[in-house]
file target-v2.cif (mmCIF, C-alpha atoms and all ligand atoms)
data_structure
loop_
_atom_site.group_PDB
_atom_site.id
_atom_site.type_symbol
_atom_site.label_atom_id
_atom_site.label_comp_id
_atom_site.auth_asym_id
_atom_site.auth_seq_id
_atom_site.Cartn_x
_atom_site.Cartn_y
_atom_site.Cartn_z
ATOM 1 C CA MET A 1187 -5.454 33.289 1.362
ATOM 2 C CA THR A 1188 -2.985 30.405 1.817
ATOM 3 C CA VAL A 1189 -3.020 27.665 -0.794
ATOM 4 C CA PRO A 1190 -3.471 24.224 0.826
ATOM 5 C CA LYS A 1191 -0.875 21.532 0.202
ATOM 6 C CA LEU A 1192 -3.607 19.314 -1.231
ATOM 7 C CA ARG A 1193 -6.989 20.528 -2.427
ATOM 8 C CA ILE A 1194 -9.816 18.176 -3.304
ATOM 9 C CA ALA A 1195 -12.906 20.133 -4.311
ATOM 10 C CA GLY A 1196 -16.255 18.852 -5.516
ATOM 11 C CA LEU A 1197 -14.747 15.574 -6.657
ATOM 12 C CA ASP A 1198 -17.062 12.941 -8.201
ATOM 13 C CA LYS A 1199 -16.149 9.501 -9.463
ATOM 14 C CA SER A 1200 -18.177 6.688 -11.043
ATOM 15 C CA PHE A 1201 -17.101 3.364 -12.497
ATOM 16 C CA GLY A 1202 -18.768 1.780 -15.543
ATOM 17 C CA THR A 1203 -21.398 3.166 -17.875
ATOM 18 C CA GLY A 1204 -25.136 2.829 -18.508
ATOM 19 C CA GLU A 1205 -26.862 0.301 -16.265
ATOM 20 C CA ARG A 1206 -23.503 -0.826 -14.917
ATOM 21 C CA ARG A 1207 -22.555 2.648 -13.760
ATOM 22 C CA THR A 1208 -21.715 2.843 -10.038
ATOM 23 C CA GLU A 1209 -21.291 6.168 -8.352
ATOM 24 C CA VAL A 1210 -18.403 5.657 -5.952
ATOM 25 C CA LEU A 1211 -17.495 9.165 -4.766
ATOM 26 C CA ARG A 1212 -19.797 12.176 -4.549
ATOM 27 C CA ASP A 1213 -18.797 15.755 -3.918
ATOM 28 C CA ILE A 1214 -15.620 15.104 -1.953
ATOM 29 C CA ASN A 1215 -14.208 18.310 -0.474
ATOM 30 C CA LEU A 1216 -11.024 18.038 1.549
ATOM 31 C CA ASP A 1217 -8.035 20.349 1.998
ATOM 32 C CA LEU A 1218 -4.808 19.233 3.661
ATOM 33 C CA ALA A 1219 -2.522 21.867 5.158
ATOM 34 C CA ASP A 1220 1.245 21.644 4.827
ATOM 35 C CA ASN A 1221 2.595 19.044 7.297
ATOM 36 C CA GLU A 1222 -0.836 17.794 8.190
ATOM 37 C CA PHE A 1223 -1.489 14.097 8.813
ATOM 38 C CA VAL A 1224 -5.024 13.144 7.777
ATOM 39 C CA SER A 1225 -6.554 9.675 7.928
ATOM 40 C CA LEU A 1226 -9.492 8.425 5.904
ATOM 41 C CA VAL A 1227 -11.631 5.819 7.666
ATOM 42 C CA GLY A 1228 -14.945 4.222 6.802
ATOM 43 C CA THR A 1229 -16.609 0.949 6.050
ATOM 44 C CA SER A 1230 -15.322 -1.313 3.295
ATOM 45 C CA GLY A 1231 -16.314 -0.078 -0.149
ATOM 46 C CA CYS A 1232 -16.877 3.583 0.786
ATOM 47 C CA GLY A 1233 -14.203 4.647 -1.702
ATOM 48 C CA LYS A 1234 -11.121 5.344 0.452
ATOM 49 C CA SER A 1235 -8.705 3.533 -1.877
ATOM 50 C CA THR A 1236 -10.344 5.030 -4.940
ATOM 51 C CA LEU A 1237 -9.885 8.521 -3.515
ATOM 52 C CA LEU A 1238 -6.254 7.830 -2.648
ATOM 53 C CA SER A 1239 -5.484 6.433 -6.092
ATOM 54 C CA ILE A 1240 -7.118 9.489 -7.689
ATOM 55 C CA VAL A 1241 -4.848 11.732 -5.609
ATOM 56 C CA ALA A 1242 -1.907 9.519 -6.644
ATOM 57 C CA GLY A 1243 -2.877 10.205 -10.269
ATOM 58 C CA LEU A 1244 -3.427 6.507 -10.923
ATOM 59 C CA GLN A 1245 -7.150 6.895 -11.519
ATOM 60 C CA ASP A 1246 -9.138 9.562 -13.345
ATOM 61 C CA PHE A 1247 -12.202 11.355 -11.961
ATOM 62 C CA ASP A 1248 -15.411 12.722 -13.465
ATOM 63 C CA ALA A 1249 -15.767 16.171 -11.947
ATOM 64 C CA GLY A 1250 -14.113 18.482 -9.462
ATOM 65 C CA ASP A 1251 -10.700 20.001 -8.815
ATOM 66 C CA LEU A 1252 -7.604 18.364 -7.492
ATOM 67 C CA SER A 1253 -4.318 20.193 -6.896
ATOM 68 C CA ILE A 1254 -1.057 20.150 -4.966
ATOM 69 C CA ASP A 1255 0.302 23.567 -4.018
ATOM 70 C CA GLY A 1256 -2.202 24.992 -6.473
ATOM 71 C CA ALA A 1257 -0.973 22.896 -9.446
ATOM 72 C CA PRO A 1258 -3.563 20.486 -10.919
ATOM 73 C CA ILE A 1259 -2.916 16.761 -10.508
ATOM 74 C CA LEU A 1260 -3.071 15.147 -13.937
ATOM 75 C CA GLN A 1261 -0.955 12.019 -13.564
ATOM 76 C CA PRO A 1262 1.348 10.221 -11.114
ATOM 77 C CA GLY A 1263 4.314 12.376 -10.122
ATOM 78 C CA LEU A 1264 7.378 12.589 -7.925
ATOM 79 C CA ASP A 1265 5.620 15.152 -5.747
ATOM 80 C CA ARG A 1266 3.631 12.227 -4.260
ATOM 81 C CA GLY A 1267 5.186 9.194 -2.593
ATOM 82 C CA VAL A 1268 2.846 6.203 -2.503
ATOM 83 C CA VAL A 1269 2.882 3.232 -0.110
ATOM 84 C CA PHE A 1270 0.349 0.438 -0.540
ATOM 85 C CA GLN A 1271 -0.543 -2.522 1.667
ATOM 86 C CA SER A 1272 1.224 -4.895 -0.732
ATOM 87 C CA TYR A 1273 4.899 -4.115 -0.610
ATOM 88 C CA THR A 1274 5.418 -3.568 -4.345
ATOM 89 C CA LEU A 1275 9.180 -4.174 -4.146
ATOM 90 C CA LEU A 1276 10.958 -5.613 -7.172
ATOM 91 C CA PRO A 1277 11.972 -9.137 -6.048
ATOM 92 C CA TRP A 1278 15.132 -9.318 -8.168
ATOM 93 C CA LEU A 1279 16.621 -6.185 -6.580
ATOM 94 C CA THR A 1280 18.037 -5.761 -3.066
ATOM 95 C CA ALA A 1281 16.536 -3.287 -0.602
ATOM 96 C CA ARG A 1282 19.105 -0.678 -1.625
ATOM 97 C CA GLN A 1283 18.672 -1.340 -5.335
ATOM 98 C CA ASN A 1284 14.882 -1.022 -5.033
ATOM 99 C CA ILE A 1285 15.346 2.512 -3.755
ATOM 100 C CA GLU A 1286 18.106 3.284 -6.257
ATOM 101 C CA PHE A 1287 15.858 2.095 -9.064
ATOM 102 C CA ALA A 1288 13.184 4.649 -8.107
ATOM 103 C CA LEU A 1289 15.799 7.383 -7.773
ATOM 104 C CA LYS A 1290 17.339 6.594 -11.158
ATOM 105 C CA ALA A 1291 13.884 6.880 -12.705
ATOM 106 C CA ALA A 1292 13.593 10.260 -10.970
ATOM 107 C CA GLY A 1293 16.805 11.393 -12.722
ATOM 108 C CA TYR A 1294 19.396 11.173 -9.932
ATOM 109 C CA ASP A 1295 22.948 10.201 -10.885
ATOM 110 C CA ARG A 1296 24.549 6.957 -9.717
ATOM 111 C CA THR A 1297 26.471 8.345 -6.745
ATOM 112 C CA ALA A 1298 23.509 10.342 -5.491
ATOM 113 C CA CYS A 1299 21.249 7.286 -5.854
ATOM 114 C CA ARG A 1300 23.514 5.218 -3.651
ATOM 115 C CA GLU A 1301 23.954 7.918 -1.016
ATOM 116 C CA ILE A 1302 20.266 8.760 -0.816
ATOM 117 C CA ALA A 1303 19.242 5.080 -0.763
ATOM 118 C CA LEU A 1304 21.572 4.351 2.162
ATOM 119 C CA GLU A 1305 20.488 7.506 3.991
ATOM 120 C CA HIS A 1306 16.833 6.456 3.715
ATOM 121 C CA LEU A 1307 17.513 2.851 4.711
ATOM 122 C CA ASP A 1308 19.136 4.324 7.795
ATOM 123 C CA LEU A 1309 16.040 6.475 8.393
ATOM 124 C CA VAL A 1310 13.865 3.322 8.543
ATOM 125 C CA LYS A 1311 16.543 1.498 10.573
ATOM 126 C CA LEU A 1312 17.448 -0.973 7.864
ATOM 127 C CA SER A 1313 21.090 -0.101 7.170
ATOM 128 C CA GLN A 1314 22.135 -3.627 8.078
ATOM 129 C CA SER A 1315 19.801 -5.126 5.465
ATOM 130 C CA ALA A 1316 20.681 -2.932 2.484
ATOM 131 C CA ASP A 1317 21.978 -5.868 0.439
ATOM 132 C CA ARG A 1318 19.197 -8.307 1.237
ATOM 133 C CA TYR A 1319 16.530 -9.262 -1.284
ATOM 134 C CA PRO A 1320 12.797 -8.827 -0.509
ATOM 135 C CA SER A 1321 12.434 -12.614 -0.063
ATOM 136 C CA GLU A 1322 14.958 -12.355 2.788
ATOM 137 C CA LEU A 1323 13.019 -9.595 4.573
ATOM 138 C CA SER A 1324 10.020 -9.820 6.917
ATOM 139 C CA GLY A 1325 6.739 -8.056 6.041
ATOM 140 C CA GLY A 1326 7.584 -5.146 8.358
ATOM 141 C CA MET A 1327 11.058 -4.800 6.848
ATOM 142 C CA LYS A 1328 9.656 -4.833 3.310
ATOM 143 C CA GLN A 1329 7.227 -2.105 4.253
ATOM 144 C CA ARG A 1330 10.078 -0.085 5.759
ATOM 145 C CA VAL A 1331 11.898 -0.348 2.413
ATOM 146 C CA ALA A 1332 8.712 0.787 0.644
ATOM 147 C CA ILE A 1333 8.464 3.793 2.979
ATOM 148 C CA ALA A 1334 12.159 4.594 2.499
ATOM 149 C CA ARG A 1335 11.681 4.395 -1.266
ATOM 150 C CA ALA A 1336 8.605 6.643 -1.178
ATOM 151 C CA LEU A 1337 10.469 9.232 0.906
ATOM 152 C CA SER A 1338 13.765 9.024 -0.998
ATOM 153 C CA TYR A 1339 12.874 11.405 -3.809
ATOM 154 C CA ARG A 1340 11.508 13.920 -1.301
ATOM 155 C CA PRO A 1341 7.857 14.091 -2.310
ATOM 156 C CA LYS A 1342 5.611 16.901 -1.125
ATOM 157 C CA MET A 1343 3.120 14.357 0.169
ATOM 158 C CA LEU A 1344 2.973 10.766 1.276
ATOM 159 C CA LEU A 1345 -0.094 8.739 0.267
ATOM 160 C CA MET A 1346 -0.480 5.551 2.281
ATOM 161 C CA ASP A 1347 -3.164 2.919 1.690
ATOM 162 C CA GLU A 1348 -3.439 0.491 4.626
ATOM 163 C CA PRO A 1349 0.370 0.330 4.732
ATOM 164 C CA PHE A 1350 0.444 -1.757 7.903
ATOM 165 C CA GLY A 1351 -2.687 -3.826 7.205
ATOM 166 C CA ALA A 1352 -0.785 -7.023 6.413
ATOM 167 C CA LEU A 1353 1.421 -6.910 9.511
ATOM 168 C CA ASP A 1354 0.972 -8.648 12.858
ATOM 169 C CA ALA A 1355 -0.097 -6.472 15.794
ATOM 170 C CA LEU A 1356 3.367 -5.995 17.300
ATOM 171 C CA THR A 1357 5.089 -5.185 13.991
ATOM 172 C CA ARG A 1358 2.212 -2.905 13.105
ATOM 173 C CA HIS A 1359 2.716 -1.033 16.315
ATOM 174 C CA GLN A 1360 6.464 -0.724 15.706
ATOM 175 C CA MET A 1361 5.726 0.666 12.259
ATOM 176 C CA GLN A 1362 3.295 3.215 13.723
ATOM 177 C CA GLU A 1363 6.027 4.325 16.138
ATOM 178 C CA LEU A 1364 8.531 4.606 13.307
ATOM 179 C CA LEU A 1365 6.149 6.566 11.114
ATOM 180 C CA THR A 1366 5.346 8.893 14.031
ATOM 181 C CA GLN A 1367 9.068 9.520 14.582
ATOM 182 C CA ILE A 1368 9.725 10.163 10.883
ATOM 183 C CA TRP A 1369 6.694 12.434 10.680
ATOM 184 C CA GLU A 1370 7.752 14.397 13.771
ATOM 185 C CA GLU A 1371 11.300 14.859 12.459
ATOM 186 C CA HIS A 1372 10.492 15.566 8.822
ATOM 187 C CA ARG A 1373 7.018 17.113 9.081
ATOM 188 C CA LEU A 1374 5.392 15.493 6.078
ATOM 189 C CA THR A 1375 1.941 15.997 4.646
ATOM 190 C CA VAL A 1376 0.291 12.575 4.780
ATOM 191 C CA LEU A 1377 -3.006 11.176 3.513
ATOM 192 C CA PHE A 1378 -3.451 7.797 5.175
ATOM 193 C CA VAL A 1379 -6.131 5.140 4.650
ATOM 194 C CA THR A 1380 -6.794 2.703 7.474
ATOM 195 C CA HIS A 1381 -9.448 0.417 8.944
ATOM 196 C CA ASP A 1382 -7.843 0.688 12.350
ATOM 197 C CA VAL A 1383 -9.375 3.539 14.356
ATOM 198 C CA GLU A 1384 -6.753 3.317 17.109
ATOM 199 C CA GLU A 1385 -4.050 3.724 14.460
ATOM 200 C CA ALA A 1386 -5.898 6.689 12.939
ATOM 201 C CA VAL A 1387 -6.210 8.464 16.299
ATOM 202 C CA TYR A 1388 -2.589 7.737 17.228
ATOM 203 C CA LEU A 1389 -1.120 9.037 13.988
ATOM 204 C CA SER A 1390 -3.415 11.799 12.766
ATOM 205 C CA ASP A 1391 -4.099 15.495 13.153
ATOM 206 C CA ARG A 1392 -7.492 14.956 11.584
ATOM 207 C CA ILE A 1393 -9.698 11.942 10.874
ATOM 208 C CA VAL A 1394 -12.172 12.000 8.013
ATOM 209 C CA VAL A 1395 -15.047 9.522 8.255
ATOM 210 C CA MET A 1396 -16.472 8.465 4.915
ATOM 211 C CA GLY A 1397 -19.941 7.021 4.347
ATOM 212 C CA ILE A 1398 -21.185 4.665 1.696
ATOM 213 C CA GLY A 1399 -23.717 4.660 -1.134
ATOM 214 C CA PRO A 1400 -22.101 6.728 -2.720
ATOM 215 C CA GLY A 1401 -18.845 7.407 -0.865
ATOM 216 C CA ARG A 1402 -18.840 10.825 0.729
ATOM 217 C CA ILE A 1403 -17.419 12.647 3.707
ATOM 218 C CA MET A 1404 -19.739 12.358 6.684
ATOM 219 C CA GLN A 1405 -17.759 13.707 9.607
ATOM 220 C CA THR A 1406 -14.354 15.094 10.483
ATOM 221 C CA PHE A 1407 -12.600 14.832 13.852
ATOM 222 C CA ASN A 1408 -9.690 16.984 14.989
ATOM 223 C CA VAL A 1409 -7.244 14.978 17.064
ATOM 224 C CA ASP A 1410 -6.334 17.452 19.774
ATOM 225 C CA ILE A 1411 -3.894 15.148 21.499
ATOM 226 C CA GLU A 1412 -0.519 16.618 22.268
ATOM 227 C CA ARG A 1413 2.553 15.574 20.295
ATOM 228 C CA PRO A 1414 4.985 13.949 20.500
ATOM 229 C CA ARG A 1415 2.744 10.937 21.107
ATOM 230 C CA ARG A 1416 3.969 7.727 22.589
ATOM 231 C CA GLU A 1417 2.206 4.422 23.246
ATOM 232 C CA GLU A 1418 0.995 5.435 26.736
ATOM 233 C CA VAL A 1419 -1.296 8.065 25.212
ATOM 234 C CA MET A 1420 -3.605 5.270 24.015
ATOM 235 C CA GLU A 1421 -4.631 4.621 27.632
ATOM 236 C CA THR A 1422 -5.744 8.201 28.284
ATOM 237 C CA PRO A 1423 -9.457 9.120 28.535
ATOM 238 C CA ALA A 1424 -9.116 11.719 25.753
ATOM 239 C CA PHE A 1425 -7.709 9.109 23.367
ATOM 240 C CA MET A 1426 -10.319 6.502 24.232
ATOM 241 C CA ASP A 1427 -13.207 8.988 24.015
ATOM 242 C CA LEU A 1428 -12.103 10.058 20.561
ATOM 243 C CA GLN A 1429 -11.691 6.443 19.467
ATOM 244 C CA ARG A 1430 -15.252 5.687 20.614
ATOM 245 C CA GLY A 1431 -16.564 8.766 18.821
ATOM 246 C CA VAL A 1432 -14.898 7.774 15.539
ATOM 247 C CA HIS A 1433 -16.195 4.198 15.818
ATOM 248 C CA LYS A 1434 -19.720 5.525 16.353
ATOM 249 C CA ALA A 1435 -19.415 7.874 13.381
ATOM 250 C CA ILE A 1436 -18.209 4.997 11.167
ATOM 251 C CA ARG A 1437 -21.163 2.843 12.246
ATOM 252 C CA GLU A 1438 -23.606 5.641 11.502
ATOM 253 C CA ALA A 1439 -21.925 6.472 8.188
ATOM 254 C CA SER A 1440 -22.024 2.809 7.138
ATOM 255 C CA ARG A 1441 -25.790 2.766 6.858
ATOM 256 C CA ARG A 1442 -26.707 3.239 3.242
ATOM 257 C CA PRO A 1443 -29.159 6.137 2.802
ATOM 258 C CA GLU A 1444 -32.017 3.761 1.972
ATOM 259 C CA MET A 1445 -31.396 1.942 5.272
ATOM 260 C CA ALA A 1446 -31.159 5.086 7.395
HETATM 261 N N1 LIG B 1501 -11.816 -0.475 -11.122
HETATM 262 C C1 LIG B 1501 -13.037 -0.553 -10.600
HETATM 263 N N2 LIG B 1501 -14.098 -0.841 -11.379
HETATM 264 C C2 LIG B 1501 -15.347 -0.883 -10.866
HETATM 265 N N3 LIG B 1501 -15.642 -0.661 -9.570
HETATM 266 C C3 LIG B 1501 -14.618 -0.373 -8.749
HETATM 267 C C4 LIG B 1501 -13.266 -0.309 -9.208
HETATM 268 N N4 LIG B 1501 -12.473 0.013 -8.158
HETATM 269 C C5 LIG B 1501 -13.295 0.133 -7.093
HETATM 270 N N5 LIG B 1501 -14.574 -0.107 -7.439
HETATM 271 C C6 LIG B 1501 -15.752 -0.029 -6.554
HETATM 272 O O1 LIG B 1501 -15.677 1.189 -5.899
HETATM 273 C C7 LIG B 1501 -16.162 1.070 -4.556
HETATM 274 C C8 LIG B 1501 -15.133 1.643 -3.624
HETATM 275 O O2 LIG B 1501 -13.985 0.802 -3.609
HETATM 276 P P1 LIG B 1501 -12.696 1.169 -2.764
HETATM 277 O O3 LIG B 1501 -11.718 0.047 -2.913
HETATM 278 O O4 LIG B 1501 -12.253 2.530 -3.111
HETATM 279 O O5 LIG B 1501 -13.297 1.185 -1.287
HETATM 280 P P2 LIG B 1501 -12.538 1.165 0.103
HETATM 281 O O6 LIG B 1501 -13.293 2.058 1.003
HETATM 282 O O7 LIG B 1501 -11.096 1.437 -0.096
HETATM 283 O O8 LIG B 1501 -12.735 -0.351 0.529
HETATM 284 P P3 LIG B 1501 -11.821 -1.283 1.447
HETATM 285 O O9 LIG B 1501 -11.827 -0.645 2.789
HETATM 286 O O10 LIG B 1501 -12.518 -2.599 1.430
HETATM 287 O O11 LIG B 1501 -10.461 -1.332 0.821
HETATM 288 C C9 LIG B 1501 -16.456 -0.394 -4.351
HETATM 289 O O12 LIG B 1501 -17.832 -0.590 -4.522
HETATM 290 C C10 LIG B 1501 -15.686 -1.081 -5.449
HETATM 291 O O13 LIG B 1501 -16.340 -2.259 -5.844
#
call {"tool": "encode", "arguments": {"input": "target-v2.cif", "output": "structure tokens"}}
result
Amino acid sequence: MTVPKLRIAGLDKSFGTGERRTEVLRDINLDLADNEFVSLVGTSGCGKSTLLSIVAGLQDFDAGDLSIDGAPILQPGLDRGVVFQSYTLLPWLTARQNIEFALKAAGYDRTACREIALEHLDLVKLSQSADRYPSELSGGMKQRVAIARALSYRPKMLLMDEPFGALDALTRHQMQELLTQIWEEHRLTVLFVTHDVEEAVYLSDRIVVMGIGPGRIMQTFNVDIERPRREEVMETPAFMDLQRGVHKAIREASRRPEMA
């Protein structure tokens, strides 16, 4: 039996205690294969970010198993690169230094830090802006630095929480194209949270629809749309049918059980 890249099995999570206890995730079971791109979608509050931060090791959980390549996840680690909606760059460091800072923390020596930082700025097409500070970069550029930083120490997985949510439509689309290209070239395993169904269909191999009250997996869609994908694919009947199906599943999953 092959070990999945990421295994989430029987995972439960509640916040608070006693009368203030809220069950947020119930019996989450999800395996990601090596190189698979999986998106989590679902109505606000269904626990997508909580699940992602548990996988990142930033949040504990109450029950279940969680592992990468068979090794239990106990804390944050360099095997997972994380990109959030907020850019999380250090404002007093340049784009290059932000990446070098992460690499130094990961134990790379000075020369390697510089080389790898520049290589990854090139990967996200930001070589020209290596010495600019975050305040001198647009939102899309900052997010490209954050992606370069997350990829620089070669994690086994990329965890992305609404990474393009703060960007305007055109920049968002450019970022989707860039991520698609990087994914196609480097074949990463990605767990991606988004509210944008079109984005989920465009990027993913699989889309997991979560429901609310408590958060749980309601439906999974395989995205059988040929790769490499380019913008034109969004106009095809197969793409639009799938998009409609996912929207419908999200609507159905958004009804709390007591309202169903
Ligand atoms: N630290 C916390 N303490 C208490 N409750 C929390 C905490 N973090 C999240 N929650 C609750 O957990 C539930 C799930 O939140 P979460 O942010 O994971 O949902 P989400 O699906 O990512 O939502 P959105 O799409 O709006 O970002 C919400 O009801 C939220 O209020």
call {"tool": "residues_around", "arguments": {"input": "target-v2.cif", "residues": "A:Leu1289", "least_positions_apart": "4", "cutoff": "7 Å", "atoms": "only C-alpha atoms", "output": "PyMOL selection string"}}
result
chain A and resi 1285+1293-1294+1299+1339
call {"tool": "resolve_selection", "arguments": {"input": "target-v2.cif", "expression": "the PyMOL selection byres (((not hetatm)) within 9 of (chain B and resi 1501))", "output": "PyMOL selection string"}}
result
chain A and resi 1200-1202+1207-1211+1226-1239+1245+1347-1348+1379-1381+1396-1401
call {"tool": "closest_residue", "arguments": {"input": "target-v2.cif", "among": "A:Asp1427, A:Leu1197, A:Phe1350, A:Arg1330", "to": "A:Asp1248", "atoms": "all atoms listed in the file"}}
result
A:Leu1197
call {"tool": "residues_around", "arguments": {"input": "target-v2.cif", "residues": "A:Ser1321", "least_positions_apart": "5", "cutoff": "12 Å", "atoms": "only C-alpha atoms", "output": "MDAnalysis selection string"}}
result
chainID A and resid 1273 1275:1281 1315 1327:1328
call {"tool": "atom_distance", "arguments": {"input": "target-v2.cif", "atom1": "atom CA of A:Arg1430", "atom2": "atom CA of A:Glu1222"}}
result
22.6 Å
call {"tool": "resolve_selection", "arguments": {"input": "target-v2.cif", "expression": "the PyMOL selection byres (((chain A and resi 1329) around 9) and not hetatm)", "output": "ChimeraX atom specification"}}
result
/A:1269-1275,1324-1328,1330-1334,1349-1350,1361
call {"tool": "closest_residue", "arguments": {"input": "target-v2.cif", "among": "A:Phe1378, A:Arg1318, A:Val1310, A:Glu1384", "to": "A:Ala1355", "atoms": "all atoms listed in the file"}}
result
A:Glu1384
call {"tool": "axis_aligned_box", "arguments": {"input": "target-v2.cif", "around": "stretch 1431-1439 of chain A", "padding_each_side": "8 Å", "output": "JSON"}}
result
{"center_x": -19.3, "center_y": 5.8, "center_z": 13.5, "size_x": 24.7, "size_y": 21.9, "size_z": 26.6}
call {"tool": "closest_residue", "arguments": {"input": "target-v2.cif", "among": "A:Val1383, A:Leu1356, A:Val1394, A:Met1404", "to": "A:His1433", "atoms": "only C-alpha atoms"}}
result
A:Val1383
call {"tool": "decode", "arguments": {"input": "target-v2.cif", "residues": "stretch 1229-1248 of chain A", "atoms": "N, CA and C atoms", "output": "compact mmCIF listing (two decimals), in the first residue's frame"}}
result
# COMPACT_ATOMS: atom_id res chain seq x y z
N THR A 1229 -18.62 27.31 2.65
CA THR A 1229 -19.10 28.59 3.17
C THR A 1229 -18.22 29.10 4.32
N SER A 1230 -18.28 30.39 4.55
CA SER A 1230 -17.48 31.01 5.60
C SER A 1230 -17.77 30.36 6.96
N GLY A 1231 -16.74 30.01 7.67
CA GLY A 1231 -16.90 29.44 9.01
C GLY A 1231 -16.97 27.92 9.03
N CYS A 1232 -16.80 27.27 7.88
CA CYS A 1232 -16.91 25.79 7.88
C CYS A 1232 -15.60 25.13 8.34
N GLY A 1233 -14.57 25.93 8.59
CA GLY A 1233 -13.37 25.36 9.20
C GLY A 1233 -12.20 25.14 8.25
N LYS A 1234 -12.24 25.74 7.06
CA LYS A 1234 -11.16 25.54 6.08
C LYS A 1234 -9.81 26.02 6.65
N SER A 1235 -9.83 27.26 7.17
CA SER A 1235 -8.56 27.82 7.69
C SER A 1235 -8.08 27.06 8.90
N THR A 1236 -9.03 26.62 9.73
CA THR A 1236 -8.64 25.85 10.91
C THR A 1236 -7.96 24.56 10.48
N LEU A 1237 -8.53 23.89 9.48
CA LEU A 1237 -7.93 22.65 9.01
C LEU A 1237 -6.53 22.89 8.45
N LEU A 1238 -6.40 23.97 7.66
CA LEU A 1238 -5.09 24.27 7.08
C LEU A 1238 -4.06 24.59 8.18
N SER A 1239 -4.49 25.34 9.19
CA SER A 1239 -3.50 25.69 10.22
C SER A 1239 -3.17 24.48 11.09
N ILE A 1240 -4.07 23.52 11.19
CA ILE A 1240 -3.74 22.27 11.89
C ILE A 1240 -2.68 21.51 11.08
N VAL A 1241 -2.89 21.45 9.76
CA VAL A 1241 -1.89 20.75 8.92
C VAL A 1241 -0.55 21.48 8.98
N ALA A 1242 -0.60 22.82 9.09
CA ALA A 1242 0.64 23.60 9.19
C ALA A 1242 1.33 23.37 10.53
N GLY A 1243 0.60 22.78 11.49
CA GLY A 1243 1.18 22.56 12.82
C GLY A 1243 1.04 23.78 13.72
N LEU A 1244 0.22 24.73 13.29
CA LEU A 1244 0.07 25.97 14.06
C LEU A 1244 -1.06 25.86 15.07
N GLN A 1245 -1.83 24.82 14.97
CA GLN A 1245 -3.02 24.63 15.80
C GLN A 1245 -3.08 23.16 16.22
N ASP A 1246 -3.49 22.89 17.44
CA ASP A 1246 -3.59 21.48 17.84
C ASP A 1246 -4.97 20.93 17.45
N PHE A 1247 -5.16 19.64 17.66
CA PHE A 1247 -6.45 19.02 17.34
C PHE A 1247 -6.80 18.03 18.43
N ASP A 1248 -8.07 17.62 18.49
CA ASP A 1248 -8.54 16.83 19.64
C ASP A 1248 -8.40 15.33 19.42
